[in-house]
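Only one structure is covered here, and it is reproduced in the block below.
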Amino acid sequence: MRIGMPISYSSGFAETAAVIAEYESAGLDTVFVAEAYSFDAVSQLGYLAAKTTTIEIASGILNIYSRSPALLAMTAAGLDFVSGGRFAFGIGASGPQVVEGFHGVPYTAPLARTREVVEVCRAVWRRERLDHHGKHLDVPLTPERGGSGLGKPLKLINQPVRERIPMVLAAIGPKNVALAAELFEGWQPTFFLPEGSSTAFGDALAEGTARRDPELGPLQIVVDTQLLISDDADEQAAALERVRAQLALYVGGMGARGKNFYNDLAVRYGYEDEAATVQDLYLAGRKDEAAAALPEEFVHGVSLVGPRGHVAERVAAFREAGVTTLNATPLAAEHADRLRSIEVLKTLA
């Protein structure tokens with residue numbers, strides 16, 4: 001099992017980047033940079049490529065709307081080039097709050113658009129002349145769809161380091177999970193509960209896997225989690241409060257009522273009543289109560305918080321559920337303790 005770590009793009013990015021070589025030495029396999037409506041991830045991934053030598057750098061995630069598909073492909077090829085073939089291309093549909101609210105782009109047909117984006121990216125990396133006329137993407141843009149008629153099929157000028165850059169789809173909805181299993185090298189769910197994963201994702205994974213090209217290899221499953229290895233009860237309690245706060249934000253407050261993908265996931269895990277309560281409290285402004293209403297087994301199940309023995313048991317549970325990479329956010333207050341936690345996790349994995 002591989003170990004990844006998200007790197008913050010604010011309030012500590014430079015500090016973390018400065019010591020990233022120490023995490024490499026500790027056994028860290030991958031570093032992920034997020035992009036929501038923060039600083040862009042691409043500039044920081046390029047910076048990390050220059051600061052590292054062996055570690056994989058990954059976007060986690062770039063949305064499929066705010067950059068054209070060809071630009072997404074160019075960006076991935078560029079990051080793979082400056083890192084010497086160490087880039088993993090994490091993409092996702094994001095949601096209407098970001099796509100429409102921040103980028104001003106219609107949030108339409110995420111499933112079909114994702115499928116076409118994959119086709120375009122892989123054609124660009126193979127240096128084929130780009131001539132794609134799908135339901136949602138039209139390249140070159142034809143006069144019938146608003147073009148001048150002057151566009152012509154072009155191919156990428158540079159020779160990519162790899163013609164197949166590994167693509168990872170961030171997804172939790174059943175249709176998108178099936179798409180990940182069908183078309184992508186990797187799948188990145190959030191708030192992954194090993195004990196509930198078969199119920200929540202099993203059918204979708206089986207559906208997608210049945211259509212999967214064997215050349216893609218086995219589906220890699222990259223799971224976000226939070227990490228604290230400590231015998232100190234106060235440290236554990238503080239870490240679990242952070243886990244609770246994040247869960248409450250997403251299950252309770254991310255998206256509109258009736259249109260919250262994370263709330264839907266909690267329901268699929270079997271927490272229908274609890275998910276409704278958390279959302280009611282959060283949307284009413286009672287955030288602390290919303291966090292307190294989260295089931296204990298959910299909070300403990302999606303995280304790696306506790307003494308070494310407990311964390312070892314949870315790592316085994318993630319492995320048993322098919323997880324291949326633990327993307328762990330260390331919660332210890334001091335750098336030395338965060339570094340040590342990654343070392344220990346690597347040993348356990």
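Each chain of the structure tokens is named A, B, ... in the order shown, its residues numbered from 1; ligands are numbered from 1 in display order.
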
How close does region 95-192 of chain A get to region 285-305 of chain A? List, as CSV, each residue of region 95-192 of chain A within 12 Å, its nearest atom pair and the distance in Å to one decimal, counting only C-alpha atoms.
```
residue,atom,partner,partner_atom,distance
A:Pro189,CA,A:Val302,CA,11.2
A:Thr190,CA,A:Val302,CA,8.9
A:Phe191,CA,A:Val302,CA,5.6
A:Phe192,CA,A:Val302,CA,5.6
```

Note to self: Set the distance at 8 Å and use only C-alpha atoms: which residues neighbour region 162-172 of chain A once local chain neighbours fewer than 2 positions away are removed? I'd like the list as a ChimeraX atom specification.
What the structure shows: /A:60-61,76-77,80,85,87-93,122,125-126,160,174,176-177,180,184-190,201,261-262,265

Next item on the list: List the neighbours of Ala73 (chain A) out to 9 Å using only C-alpha atoms; skip same-chain residues closer than 3 positions along the sequence, and give me the result as a list in words.
Entry: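 The residues satisfying every condition are Ser68, Pro69, Ala70, Ala76, Ala77, Gly78, Val117, Val118, Val120, Cys121, Arg122, Ala123, Val124 and Trp125 of chain A.
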
Which residues, written as an mmCIF file with N, CA and C atoms, in the first residue's frame, have at least one atom at most 7 Å from region 2-17 of chain A, with only C-alpha atoms counted and residues fewer than 3 positions away on the same chain left out?
```
data_model
loop_
_atom_site.group_PDB
_atom_site.id
_atom_site.type_symbol
_atom_site.label_atom_id
_atom_site.label_comp_id
_atom_site.auth_asym_id
_atom_site.auth_seq_id
_atom_site.Cartn_x
_atom_site.Cartn_y
_atom_site.Cartn_z
ATOM 1 N N ILE A 20 9.848 18.869 2.087
ATOM 2 C CA ILE A 20 9.252 17.728 1.400
ATOM 3 C C ILE A 20 10.254 16.604 1.199
ATOM 4 N N LEU A 28 7.268 8.615 1.942
ATOM 5 C CA LEU A 28 6.087 9.142 1.275
ATOM 6 C C LEU A 28 6.182 8.884 -0.226
ATOM 7 N N ASP A 29 5.102 8.354 -0.817
ATOM 8 C CA ASP A 29 5.111 7.993 -2.226
ATOM 9 C C ASP A 29 4.550 9.089 -3.128
ATOM 10 N N THR A 30 3.543 9.807 -2.647
ATOM 11 C CA THR A 30 2.835 10.770 -3.483
ATOM 12 C C THR A 30 2.472 12.000 -2.668
ATOM 13 N N VAL A 31 2.532 13.155 -3.293
ATOM 14 C CA VAL A 31 2.054 14.375 -2.656
ATOM 15 C C VAL A 31 0.956 14.964 -3.543
ATOM 16 N N PHE A 32 -0.160 15.339 -2.928
ATOM 17 C CA PHE A 32 -1.326 15.833 -3.639
ATOM 18 C C PHE A 32 -1.516 17.319 -3.375
ATOM 19 N N VAL A 33 -1.870 18.059 -4.426
ATOM 20 C CA VAL A 33 -2.208 19.472 -4.274
ATOM 21 C C VAL A 33 -3.648 19.670 -4.723
ATOM 22 N N PHE A 39 -5.764 29.255 -4.505
ATOM 23 C CA PHE A 39 -4.726 29.413 -5.508
ATOM 24 C C PHE A 39 -4.797 28.207 -6.452
ATOM 25 N N LEU A 48 6.753 22.050 -6.749
ATOM 26 C CA LEU A 48 7.107 20.811 -6.059
ATOM 27 C C LEU A 48 7.940 19.899 -6.939
ATOM 28 N N THR A 324 -5.396 1.077 -2.234
ATOM 29 C CA THR A 324 -4.000 0.920 -2.637
ATOM 30 C C THR A 324 -3.129 2.101 -2.226
ATOM 31 N N THR A 325 -3.738 3.269 -1.966
ATOM 32 C CA THR A 325 -3.002 4.438 -1.487
ATOM 33 C C THR A 325 -3.794 5.118 -0.387
ATOM 34 N N LEU A 326 -3.142 5.372 0.745
ATOM 35 C CA LEU A 326 -3.728 6.161 1.822
ATOM 36 C C LEU A 326 -3.189 7.578 1.706
ATOM 37 N N ASN A 327 -4.054 8.508 1.365
ATOM 38 C CA ASN A 327 -3.669 9.911 1.237
ATOM 39 C C ASN A 327 -3.955 10.572 2.576
ATOM 40 N N ALA A 328 -2.950 10.588 3.440
ATOM 41 C CA ALA A 328 -3.150 10.907 4.849
ATOM 42 C C ALA A 328 -2.687 12.312 5.206
ATOM 43 N N THR A 329 -3.552 13.052 5.855
ATOM 44 C CA THR A 329 -3.197 14.370 6.384
ATOM 45 C C THR A 329 -2.734 14.218 7.821
ATOM 46 N N LYS A 346 3.920 4.315 6.933
ATOM 47 C CA LYS A 346 4.561 3.593 5.834
ATOM 48 C C LYS A 346 4.930 2.171 6.277
#
```

Next item on the list: Step one, run DSSP on the backbone; step two, keep only residues of region 160-246 of chain A assigned to strand (DSSP E or B); then write them as a list of chain:residue names.
Entry: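 Restricting region 160-246 of chain A to strand (DSSP E or B) produces A:Met167, A:Val168, A:Leu169, A:Ala170, A:Gly186, A:Trp187, A:Gln188, A:Gln220, A:Ile221, A:Val222, A:Val223, A:Asp224, A:Thr225, A:Gln226, A:Leu227, A:Leu228, A:Ile229.
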
With C-alpha atoms retained, export the selected residues as an mmCIF file, in the first residue's frame.
```cif
data_model
loop_
_atom_site.group_PDB
_atom_site.id
_atom_site.type_symbol
_atom_site.label_atom_id
_atom_site.label_comp_id
_atom_site.auth_asym_id
_atom_site.auth_seq_id
_atom_site.Cartn_x
_atom_site.Cartn_y
_atom_site.Cartn_z
ATOM 1 C CA MET A 167 -5.590 9.543 -14.579
ATOM 2 C CA VAL A 168 -7.429 9.444 -11.266
ATOM 3 C CA LEU A 169 -11.112 10.347 -10.999
ATOM 4 C CA ALA A 170 -12.408 11.839 -7.767
ATOM 5 C CA GLY A 186 -7.282 5.306 -10.334
ATOM 6 C CA TRP A 187 -10.339 6.271 -8.294
ATOM 7 C CA GLN A 188 -10.274 8.749 -5.405
ATOM 8 C CA GLN A 220 -5.935 1.925 -7.982
ATOM 9 C CA ILE A 221 -7.997 3.228 -5.047
ATOM 10 C CA VAL A 222 -6.687 6.416 -3.443
ATOM 11 C CA VAL A 223 -8.401 7.227 -0.151
ATOM 12 C CA ASP A 224 -8.256 10.506 1.747
ATOM 13 C CA THR A 225 -7.919 10.191 5.507
ATOM 14 C CA GLN A 226 -6.566 12.041 8.546
ATOM 15 C CA LEU A 227 -3.722 10.690 10.654
ATOM 16 C CA LEU A 228 -2.615 10.905 14.260
ATOM 17 C CA ILE A 229 -0.633 8.123 15.922
#
```

Notebook entry, point to check: Between A:Val311, A:Asp213, A:Gly258, A:Tyr65, which is the closest to Ser230 (chain A) once you count only C-alpha atoms?
Noted result: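 Result for the nearest residue to Ser230 (chain A): A:Val311.
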
Checklist line | Sel. of alpha helix (DSSP H) residues, region 126-205 of chain A, as a VMD selection string | finding: chain A and resid 174 to 183 194 to 205

Writer output for current selection, C-alpha atoms, as a short mmCIF file (atom, residue, chain, number, x, y, z; two decimals), in the first residue's frame:
```cif
data_model
loop_
_atom_site.label_atom_id
_atom_site.label_comp_id
_atom_site.auth_asym_id
_atom_site.auth_seq_id
_atom_site.Cartn_x
_atom_site.Cartn_y
_atom_site.Cartn_z
CA PRO A 174 -22.52 5.63 -8.24
CA LYS A 175 -22.43 6.61 -11.93
CA ASN A 176 -19.11 8.44 -11.59
CA VAL A 177 -17.62 5.59 -9.55
CA ALA A 178 -18.60 3.19 -12.34
CA LEU A 179 -16.95 5.55 -14.84
CA ALA A 180 -13.74 5.57 -12.77
CA ALA A 181 -13.65 1.77 -12.73
CA GLU A 182 -14.22 1.67 -16.49
CA LEU A 183 -11.88 4.37 -17.84
CA PRO A 194 -14.07 0.40 4.75
CA GLU A 195 -16.90 -1.36 6.54
CA GLY A 196 -19.50 0.39 4.39
CA SER A 197 -17.62 0.51 1.09
CA SER A 198 -19.13 -2.62 -0.41
CA THR A 199 -22.67 -1.38 0.17
CA ALA A 200 -21.90 2.17 -0.98
CA PHE A 201 -19.68 1.42 -3.98
CA GLY A 202 -19.68 -2.32 -4.74
CA ASP A 203 -22.29 -2.41 -7.49
CA ALA A 204 -20.88 0.65 -9.25
CA LEU A 205 -17.33 -0.72 -9.16
#
```

Margin query: Please compute the CA of Thr277 (chain A)-CA of Val251 (chain A) distance, one decimal, in Å.
Written below: 10.0 Å

Next item on the list: Would you mind listing what lies within 8 Å of Val98 (chain A) as a ChimeraX atom specification, with only C-alpha atoms counted and same-chain residues fewer than 5 positions away left out?
Entry: /A:36-37,103

Check: Do you know which residues are at most 12 Å from Gly27 (chain A) counting only C-alpha atoms, after dropping those on the same chain fewer than 4 positions away, and could you put them as an MDAnalysis selection string?
Finding: chainID A and resid 1:5 20:23 31 54:56 339:349
